[in-house]
>>> print(open('target.cif').read())   # mmCIF, C-alpha atoms, pLDDT in the B column; chains and numbers go by the auth columns
data_structure
#
loop_
_atom_site.group_PDB
_atom_site.id
_atom_site.type_symbol
_atom_site.label_atom_id
_atom_site.label_comp_id
_atom_site.label_asym_id
_atom_site.label_seq_id
_atom_site.Cartn_x
_atom_site.Cartn_y
_atom_site.Cartn_z
_atom_site.B_iso_or_equiv
_atom_site.auth_seq_id
_atom_site.auth_asym_id
ATOM 1 C CA MET A 1 17.090 37.399 -78.089 65.00 1 A
ATOM 2 C CA TRP A 2 14.467 39.112 -75.929 68.00 2 A
ATOM 3 C CA ASP A 3 16.997 40.214 -73.316 78.00 3 A
ATOM 4 C CA TRP A 4 17.783 43.451 -75.147 81.00 4 A
ATOM 5 C CA VAL A 5 14.154 44.593 -75.573 79.00 5 A
ATOM 6 C CA PRO A 6 13.649 46.041 -72.058 81.00 6 A
ATOM 7 C CA ILE A 7 17.026 47.753 -72.177 85.00 7 A
ATOM 8 C CA VAL A 8 16.268 49.424 -75.503 86.00 8 A
ATOM 9 C CA PHE A 9 12.719 50.422 -74.568 88.00 9 A
ATOM 10 C CA VAL A 10 13.660 51.782 -71.124 89.00 10 A
ATOM 11 C CA THR A 11 16.579 53.708 -72.620 92.00 11 A
ATOM 12 C CA PHE A 12 14.331 55.140 -75.334 92.00 12 A
ATOM 13 C CA LYS A 13 11.670 56.079 -72.775 91.00 13 A
ATOM 14 C CA VAL A 14 14.183 57.825 -70.509 93.00 14 A
ATOM 15 C CA LEU A 15 15.702 59.722 -73.427 94.00 15 A
ATOM 16 C CA ALA A 16 12.326 60.719 -74.879 94.00 16 A
ATOM 17 C CA LEU A 17 10.892 61.856 -71.558 92.00 17 A
ATOM 18 C CA GLY A 18 14.109 63.655 -70.626 92.00 18 A
ATOM 19 C CA LEU A 19 14.159 65.502 -73.929 94.00 19 A
ATOM 20 C CA ALA A 20 10.472 66.399 -73.625 92.00 20 A
ATOM 21 C CA MET A 21 10.971 67.699 -70.080 92.00 21 A
ATOM 22 C CA PHE A 22 13.972 69.770 -71.178 93.00 22 A
ATOM 23 C CA PHE A 23 12.035 71.458 -73.978 92.00 23 A
ATOM 24 C CA ALA A 24 8.945 71.952 -71.778 92.00 24 A
ATOM 25 C CA ILE A 25 11.002 73.651 -69.072 91.00 25 A
ATOM 26 C CA LYS A 26 12.852 75.736 -71.660 91.00 26 A
ATOM 27 C CA TRP A 27 9.600 76.827 -73.301 88.00 27 A
ATOM 28 C CA HIS A 28 8.033 77.801 -69.981 87.00 28 A
ATOM 29 C CA TYR A 29 11.175 79.666 -68.977 85.00 29 A
ATOM 30 C CA ASP A 30 11.177 81.585 -72.259 82.00 30 A
ATOM 31 C CA GLN A 31 7.475 82.387 -71.915 79.00 31 A
ATOM 32 C CA SER A 32 7.915 83.711 -68.381 72.00 32 A
ATOM 33 C CA LYS A 33 10.613 86.103 -69.606 74.00 33 A
ATOM 34 C CA LYS A 34 8.151 87.557 -72.107 71.00 34 A
ATOM 35 C CA GLU A 35 5.326 88.057 -69.647 65.00 35 A
ATOM 36 C CA GLU A 36 5.209 90.593 -66.910 68.00 36 A
ATOM 37 C CA ARG A 37 6.599 89.549 -63.567 71.00 37 A
ATOM 38 C CA ARG A 38 3.220 89.975 -61.881 71.00 38 A
ATOM 39 C CA ALA A 39 1.478 87.645 -64.319 77.00 39 A
ATOM 40 C CA ALA A 40 4.212 85.038 -63.904 74.00 40 A
ATOM 41 C CA LEU A 41 3.863 85.166 -60.120 81.00 41 A
ATOM 42 C CA ARG A 42 0.092 84.840 -60.368 85.00 42 A
ATOM 43 C CA THR A 43 0.417 81.836 -62.659 85.00 43 A
ATOM 44 C CA GLY A 44 2.925 80.255 -60.292 86.00 44 A
ATOM 45 C CA ALA A 45 0.585 80.769 -57.347 92.00 45 A
ATOM 46 C CA ILE A 46 -2.317 79.204 -59.262 94.00 46 A
ATOM 47 C CA MET A 47 -0.173 76.205 -60.212 92.00 47 A
ATOM 48 C CA ALA A 48 1.009 75.775 -56.614 94.00 48 A
ATOM 49 C CA ALA A 49 -2.595 75.905 -55.373 95.00 49 A
ATOM 50 C CA ALA A 50 -3.670 73.363 -58.001 95.00 50 A
ATOM 51 C CA PHE A 51 -0.794 71.069 -57.003 93.00 51 A
ATOM 52 C CA LEU A 52 -1.712 71.280 -53.315 95.00 52 A
ATOM 53 C CA LEU A 53 -5.372 70.629 -54.111 95.00 53 A
ATOM 54 C CA ALA A 54 -4.432 67.571 -56.197 95.00 54 A
ATOM 55 C CA LEU A 55 -2.128 66.367 -53.410 95.00 55 A
ATOM 56 C CA VAL A 56 -4.913 66.621 -50.828 95.00 56 A
ATOM 57 C CA ALA A 57 -7.325 64.837 -53.179 96.00 57 A
ATOM 58 C CA VAL A 58 -4.883 61.955 -53.714 95.00 58 A
ATOM 59 C CA MET A 59 -4.239 61.689 -49.974 93.00 59 A
ATOM 60 C CA LEU A 60 -7.963 61.564 -49.225 93.00 60 A
ATOM 61 C CA LEU A 61 -8.525 59.007 -51.968 94.00 61 A
ATOM 62 C CA ALA A 62 -5.733 56.818 -50.578 92.00 62 A
ATOM 63 C CA PHE A 63 -7.136 57.139 -47.053 89.00 63 A
ATOM 64 C CA VAL A 64 -10.681 56.252 -48.139 91.00 64 A
ATOM 65 C CA LEU A 65 -9.438 53.344 -50.246 92.00 65 A
ATOM 66 C CA GLY A 66 -7.334 52.091 -47.336 89.00 66 A
ATOM 67 C CA ARG A 67 -10.296 52.263 -44.982 88.00 67 A
ATOM 68 C CA THR A 68 -12.499 50.508 -47.541 90.00 68 A
ATOM 69 C CA LEU A 69 -9.984 47.676 -47.868 91.00 69 A
ATOM 70 C CA GLY A 70 -9.842 47.317 -44.089 87.00 70 A
ATOM 71 C CA LEU A 71 -6.360 48.646 -43.427 86.00 71 A
ATOM 72 C CA ASP A 72 -5.563 49.861 -39.902 83.00 72 A
ATOM 73 C CA LEU A 73 -4.688 53.539 -40.380 77.00 73 A
ATOM 74 C CA SER A 74 -4.803 54.633 -36.750 80.00 74 A
ATOM 75 C CA LEU A 75 -1.815 56.361 -35.194 73.00 75 A
ATOM 76 C CA PRO A 76 0.156 54.399 -32.579 69.00 76 A
#
>>> encode(input="target.cif", output="structure tokens")
Amino acid sequence: MWDWVPIVFVTFKVLALGLAMFFAIKWHYDQSKKEERRAALRTGAIMAAAFLLALVAVMLLAFVLGRTLGLDLSLP
């Protein structure tokens, strides 16, 4: 009886997240058409900078956590 539960929940999750991503991308695309090109480029640059900053923060966190746990992170 419980064999179908993961299949249904995973399918629902994939469909819900896929639909949400579609509408989010569509909304952002429609908004960028309304704005000036310069403002859209500035927003894109800010988002790219924020993504890179978050990426560096996650990398540093992983490195510090690895060192704390005693992992050997030296290059060969």
>>> axis_aligned_box(input="target.cif", around="region 57-73 of chain A", padding_each_side="8 Å", output="lines of an AutoDock Vina configuration file")
center_x = -8.4
center_y = 56.1
center_z = -46.8
size_x = 24.3
size_y = 33.5
size_z = 29.8
>>> atom_distance(input="target.cif", atom1="CA of Arg42 (chain A)", atom2="CA of Val56 (chain A)")
21.2 Å
>>> atom_distance(input="target.cif", atom1="CA of Lys34 (chain A)", atom2="CA of Leu15 (chain A)")
28.9 Å
>>> decode(input="target.cif", residues="region 55-67 of chain A", atoms="all heavy atoms", output="short mmCIF file (atom, residue, chain, number, x, y, z; two decimals), in the first residue's frame")
data_model
loop_
_atom_site.label_atom_id
_atom_site.label_comp_id
_atom_site.auth_asym_id
_atom_site.auth_seq_id
_atom_site.Cartn_x
_atom_site.Cartn_y
_atom_site.Cartn_z
N LEU A 55 28.31 32.02 -3.75
CA LEU A 55 29.12 30.86 -4.12
C LEU A 55 30.43 30.85 -3.34
O LEU A 55 30.83 29.81 -2.80
CB LEU A 55 29.40 30.87 -5.62
CG LEU A 55 30.21 29.71 -6.18
CD1 LEU A 55 29.44 28.41 -6.01
CD2 LEU A 55 30.55 29.97 -7.63
N VAL A 56 31.08 32.00 -3.24
CA VAL A 56 32.33 32.09 -2.48
C VAL A 56 32.08 31.81 -1.00
O VAL A 56 32.85 31.11 -0.34
CB VAL A 56 32.98 33.48 -2.68
CG1 VAL A 56 34.11 33.71 -1.71
CG2 VAL A 56 33.49 33.61 -4.11
N ALA A 57 30.97 32.32 -0.47
CA ALA A 57 30.64 32.09 0.94
C ALA A 57 30.41 30.60 1.21
O ALA A 57 30.89 30.06 2.22
CB ALA A 57 29.40 32.89 1.34
N VAL A 58 29.71 29.91 0.32
CA VAL A 58 29.47 28.48 0.51
C VAL A 58 30.77 27.70 0.39
O VAL A 58 31.01 26.76 1.16
CB VAL A 58 28.42 27.98 -0.51
CG1 VAL A 58 28.36 26.46 -0.56
CG2 VAL A 58 27.06 28.54 -0.18
N MET A 59 31.63 28.09 -0.53
CA MET A 59 32.92 27.41 -0.68
C MET A 59 33.77 27.58 0.58
O MET A 59 34.39 26.63 1.06
CB MET A 59 33.65 27.93 -1.91
CG MET A 59 33.06 27.45 -3.21
SD MET A 59 33.79 28.17 -4.69
CE MET A 59 35.51 27.85 -4.45
N LEU A 60 33.82 28.80 1.10
CA LEU A 60 34.58 29.04 2.32
C LEU A 60 34.01 28.28 3.51
O LEU A 60 34.75 27.71 4.32
CB LEU A 60 34.65 30.53 2.63
CG LEU A 60 35.56 31.35 1.72
CD1 LEU A 60 35.42 32.83 2.04
CD2 LEU A 60 37.00 30.91 1.86
N LEU A 61 32.69 28.25 3.61
CA LEU A 61 32.04 27.51 4.68
C LEU A 61 32.37 26.02 4.59
O LEU A 61 32.68 25.39 5.59
CB LEU A 61 30.53 27.72 4.64
CG LEU A 61 29.72 26.96 5.69
CD1 LEU A 61 30.04 27.50 7.08
CD2 LEU A 61 28.25 27.06 5.40
N ALA A 62 32.33 25.48 3.38
CA ALA A 62 32.65 24.06 3.19
C ALA A 62 34.11 23.79 3.54
O ALA A 62 34.45 22.78 4.16
CB ALA A 62 32.36 23.64 1.76
N PHE A 63 35.00 24.70 3.16
CA PHE A 63 36.42 24.53 3.45
C PHE A 63 36.67 24.58 4.96
O PHE A 63 37.39 23.73 5.51
CB PHE A 63 37.23 25.61 2.75
CG PHE A 63 38.71 25.46 2.92
CD1 PHE A 63 39.41 24.49 2.23
CD2 PHE A 63 39.40 26.28 3.80
CE1 PHE A 63 40.78 24.35 2.39
CE2 PHE A 63 40.76 26.14 3.98
CZ PHE A 63 41.45 25.17 3.27
N VAL A 64 36.08 25.55 5.64
CA VAL A 64 36.25 25.67 7.08
C VAL A 64 35.65 24.47 7.80
O VAL A 64 36.26 23.92 8.73
CB VAL A 64 35.63 26.99 7.59
CG1 VAL A 64 35.54 27.03 9.10
CG2 VAL A 64 36.43 28.18 7.08
N LEU A 65 34.49 24.03 7.37
CA LEU A 65 33.86 22.86 7.99
C LEU A 65 34.71 21.61 7.75
O LEU A 65 34.89 20.79 8.66
CB LEU A 65 32.45 22.65 7.44
CG LEU A 65 31.65 21.51 8.05
CD1 LEU A 65 31.42 21.78 9.53
CD2 LEU A 65 30.34 21.35 7.32
N GLY A 66 35.26 21.47 6.56
CA GLY A 66 36.13 20.34 6.27
C GLY A 66 37.37 20.34 7.13
O GLY A 66 37.81 19.30 7.64
N ARG A 67 37.97 21.51 7.29
CA ARG A 67 39.16 21.62 8.15
C ARG A 67 38.80 21.31 9.60
O ARG A 67 39.56 20.66 10.31
CB ARG A 67 39.75 23.03 8.08
CG ARG A 67 40.52 23.31 6.86
CD ARG A 67 41.85 22.63 6.96
NE ARG A 67 42.68 23.13 5.87
CZ ARG A 67 43.85 22.66 5.57
NH1 ARG A 67 44.35 21.68 6.27
NH2 ARG A 67 44.52 23.13 4.56
#
